[in-house]
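A.B. asks: Below are the structure tokens for one structure; questions will follow.
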Amino acid sequence: MIKDVLLMCFWALNMSFIFVVGNDTVEQTKRLLLNDPDVIGARLTAMDKKISQLQAELFEEKTKNANMRQTVTTIDRIGSTYIRWGRTTCPGHTSDIVYAGYAAGSSYYHTVSKSNFGGPSNTLCLPDDPEISNVTYSGTDSYLYGSEYEHNYFGANSHNEDMPCVVCRMRTAATTLMIPGRKSCYSGWNLEYTGLLASGYQGYSPSTYLCVDGQPEYIPSGQDDKNGHLFYVVGYKCGSLPCPPYHDNRMAYCVVCSK
């Protein structure tokens, strides 16, 4: 484009003047001298302005393309992760499986006489393809146990079944949120899955609250009553908790949402 401007400017050094006299047209061509300082200065000024304009347009286009590439890169990196408890697959077509595995945590059981009533309270999602060390652990300080559903509230014949889990990564969403007490998302949020709020028994070791999928799966051959890390359905208790809007002895829903 700059080359075309230069050619146009040099062509303009040859000017034609048209004179109209009555019905007769007389064409006279005057070649401007290349050493005329006024003409050369005017033409160079026009060329400088045009080149500056083209440079500005080129810079704007490069900036726009760079911003587009940055936006695509940012979108690719903002994916949020969450754990889907009780399932081995991620919902919908907007998330990918990071890994699937087994819900695990500390033992549910404690005895005052042995002072075994502490330990971690959070639940982990262990991968189904672990990398095992060669060092034997012979202590009794802390162990991970598989998790079991207690009772059949979670699903048909779920009592004593072992709980799987899967870690999901959203492709576009930057945030995921578990909302206790609801089974639908607020306006502007997308539903990932819904289910029942679960935790350990209040008379056992400390535990965590998590959202078990409303259509849970079971680990194959895991129906034996081995206990370990246990999960029970959570209910509401009126008093300090206002009722309404809550209701006494009702099971608590939960939902995982993304945005």
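The chains in the structure tokens are called A, B, ... from first to last as shown; in each chain the residues are counted from 1, and the ligands are counted from 1 in the order shown.
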Would you list the contacts of Ser95 in chain A as a VMD selection string, taking every protein, DNA or RNA residue within 8 Å and counting only C-alpha atoms, but skipping same-chain residues closer than 3 positions in sequence?

C.D. replies: chain A and resid 90 to 92 168 to 171

A.B. asks: Residues as selected, N, CA, C and O atoms, written as a tab-separated table (two decimals), in the first residue's frame, can you do that?

C.D. replies:
chain	number	residue	atom	x	y	z
A	90	CYS	N	-17.81	-36.95	34.29
A	90	CYS	CA	-18.16	-35.54	34.43
A	90	CYS	C	-19.43	-35.23	33.65
A	90	CYS	O	-19.66	-35.82	32.59
A	91	PRO	N	-20.26	-34.32	34.12
A	91	PRO	CA	-21.53	-34.05	33.45
A	91	PRO	C	-21.37	-33.18	32.21
A	91	PRO	O	-20.45	-32.38	32.09
A	92	GLY	N	-22.30	-33.35	31.26
A	92	GLY	CA	-22.38	-32.47	30.10
A	92	GLY	C	-21.21	-32.59	29.16
A	92	GLY	O	-20.39	-33.50	29.22
A	168	CYS	N	-13.27	-32.99	37.81
A	168	CYS	CA	-13.69	-32.43	36.53
A	168	CYS	C	-13.09	-31.03	36.35
A	168	CYS	O	-12.97	-30.28	37.31
A	169	ARG	N	-12.73	-30.71	35.11
A	169	ARG	CA	-12.24	-29.37	34.78
A	169	ARG	C	-13.15	-28.74	33.74
A	169	ARG	O	-13.39	-29.30	32.68
A	170	MET	N	-13.66	-27.54	34.07
A	170	MET	CA	-14.51	-26.81	33.14
A	170	MET	C	-13.66	-26.23	32.01
A	170	MET	O	-12.54	-25.78	32.23
A	171	ARG	N	-14.19	-26.23	30.80
A	171	ARG	CA	-13.45	-25.72	29.66
A	171	ARG	C	-13.49	-24.20	29.57
A	171	ARG	O	-12.57	-23.58	29.04

A.B. asks: Dump as a tab-separated table the rows for residues of range 173-229 of chain A within 9 Å of range 155-158 of chain A: closest atom pair and distance in Å with one decimal, only C-alpha atoms counted, ordered by chain and rising residue number.

C.D. replies:
residue	atom	partner	partner_atom	distance
A:Gly214	CA	A:Gly155	CA	7.5
A:Gln215	CA	A:Gly155	CA	6.6
A:Pro216	CA	A:Gly155	CA	6.5
A:Glu217	CA	A:Gly155	CA	8.6
A:Tyr218	CA	A:Ser158	CA	7.7
A:Gln223	CA	A:Ser158	CA	8.3

A.B. asks: Within 8 Å of Met251 in chain A, counting only C-alpha atoms, which residues qualify if same-chain residues fewer than 2 places away don't, as a PyMOL selection string?

C.D. replies: chain A and resi 196-197+233-236+249+253

A.B. asks: Give me a file of those residues, with N, CA, C and O atoms, as a PDB file, in the first residue's frame.

C.D. replies:
ATOM      1  N   LEU A 196     -27.455 -34.782  47.364  1.00  0.00           N
ATOM      2  CA  LEU A 196     -27.729 -34.652  48.790  1.00  0.00           C
ATOM      3  C   LEU A 196     -26.463 -34.265  49.541  1.00  0.00           C
ATOM      4  O   LEU A 196     -25.376 -34.767  49.257  1.00  0.00           O
ATOM      5  N   LEU A 197     -26.633 -33.363  50.513  1.00  0.00           N
ATOM      6  CA  LEU A 197     -25.517 -32.968  51.355  1.00  0.00           C
ATOM      7  C   LEU A 197     -25.185 -34.119  52.299  1.00  0.00           C
ATOM      8  O   LEU A 197     -26.069 -34.740  52.889  1.00  0.00           O
ATOM      9  N   VAL A 233     -26.495 -38.886  55.329  1.00  0.00           N
ATOM     10  CA  VAL A 233     -27.266 -37.746  54.834  1.00  0.00           C
ATOM     11  C   VAL A 233     -27.379 -36.706  55.948  1.00  0.00           C
ATOM     12  O   VAL A 233     -27.556 -37.040  57.121  1.00  0.00           O
ATOM     13  N   VAL A 234     -27.297 -35.443  55.589  1.00  0.00           N
ATOM     14  CA  VAL A 234     -27.384 -34.329  56.535  1.00  0.00           C
ATOM     15  C   VAL A 234     -28.820 -33.816  56.589  1.00  0.00           C
ATOM     16  O   VAL A 234     -29.486 -33.698  55.555  1.00  0.00           O
ATOM     17  N   GLY A 235     -29.290 -33.510  57.789  1.00  0.00           N
ATOM     18  CA  GLY A 235     -30.619 -32.932  57.967  1.00  0.00           C
ATOM     19  C   GLY A 235     -30.541 -31.596  58.689  1.00  0.00           C
ATOM     20  O   GLY A 235     -29.493 -31.194  59.201  1.00  0.00           O
ATOM     21  N   TYR A 236     -31.668 -30.885  58.731  1.00  0.00           N
ATOM     22  CA  TYR A 236     -31.740 -29.591  59.409  1.00  0.00           C
ATOM     23  C   TYR A 236     -32.266 -29.771  60.832  1.00  0.00           C
ATOM     24  O   TYR A 236     -33.078 -30.661  61.110  1.00  0.00           O
ATOM     25  N   ASN A 249     -35.711 -31.684  60.666  1.00  0.00           N
ATOM     26  CA  ASN A 249     -35.595 -33.085  60.269  1.00  0.00           C
ATOM     27  C   ASN A 249     -35.876 -33.331  58.780  1.00  0.00           C
ATOM     28  O   ASN A 249     -36.403 -34.381  58.417  1.00  0.00           O
ATOM     29  N   TYR A 253     -30.611 -30.706  50.472  1.00  0.00           N
ATOM     30  CA  TYR A 253     -30.124 -30.801  49.100  1.00  0.00           C
ATOM     31  C   TYR A 253     -28.779 -30.084  48.976  1.00  0.00           C
ATOM     32  O   TYR A 253     -28.349 -29.345  49.863  1.00  0.00           O
TER      33      TYR A 253
END

A.B. asks: Counting only C-alpha atoms, which residue out of A:Thr45, A:Asn227, A:Thr208, A:Ser258 sits closest to Asn160 in chain A?

C.D. replies: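 Among the listed residues, the smallest separation from Asn160 in chain A belongs to A:Asn227.
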
A.B. asks: Work out how far apart CA of Tyr149 in chain A and CA of Thr194 in chain A are and give it in Å to one decimal.

C.D. replies: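 These atoms are spaced 16.9 Å apart.
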
A.B. asks: Can you pull out the residues contacting His247 in chain A? Cut-off 12 Å, using only C-alpha atoms, and skip same-chain residues under 2 positions away; I want them as a JSON list (two decimals) with C-alpha atoms, in the first residue's frame.

C.D. replies:
[["chain", "number", "residue", "atom", "x", "y", "z"],
["A", 181, "GLY", "CA", -29.55, -26.30, 50.80],
["A", 235, "GLY", "CA", -30.62, -32.93, 57.97],
["A", 236, "TYR", "CA", -31.74, -29.59, 59.41],
["A", 237, "LYS", "CA", -32.30, -28.90, 63.10],
["A", 238, "CYS", "CA", -34.38, -25.88, 64.04],
["A", 239, "GLY", "CA", -33.33, -23.58, 66.86],
["A", 241, "LEU", "CA", -31.20, -22.25, 62.44],
["A", 242, "PRO", "CA", -34.37, -20.27, 61.53],
["A", 243, "CYS", "CA", -37.42, -22.34, 60.60],
["A", 244, "PRO", "CA", -38.87, -21.23, 58.23],
["A", 245, "PRO", "CA", -37.26, -20.94, 55.76],
["A", 249, "ASN", "CA", -35.59, -33.08, 60.27],
["A", 250, "ARG", "CA", -35.61, -32.57, 56.48],
["A", 251, "MET", "CA", -32.77, -33.89, 54.30],
["A", 252, "ALA", "CA", -30.55, -31.17, 52.84]]

A.B. asks: Please list as a count of residues only every residue within 9 Å of range 162-165 of chain A, counting only C-alpha atoms and excluding residues in the same chain fewer than 2 positions away.

C.D. replies: 33

A.B. asks: DSSP on the backbone: which residues in range 56-200 of chain A end up as strand (DSSP E or B)? Give the answer as a ChimeraX atom specification.

C.D. replies: /A:81-85,95-105,124-127,145-149,162,164-170,176-180,190-199

A.B. asks: Would you work out the distance separating CA of Pro37 in chain A from CA of Lys49 in chain A, expressed in Å to one decimal?

C.D. replies: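 Taking CA of Pro37 in chain A and CA of Lys49 in chain A, their separation equals 18.3 Å.
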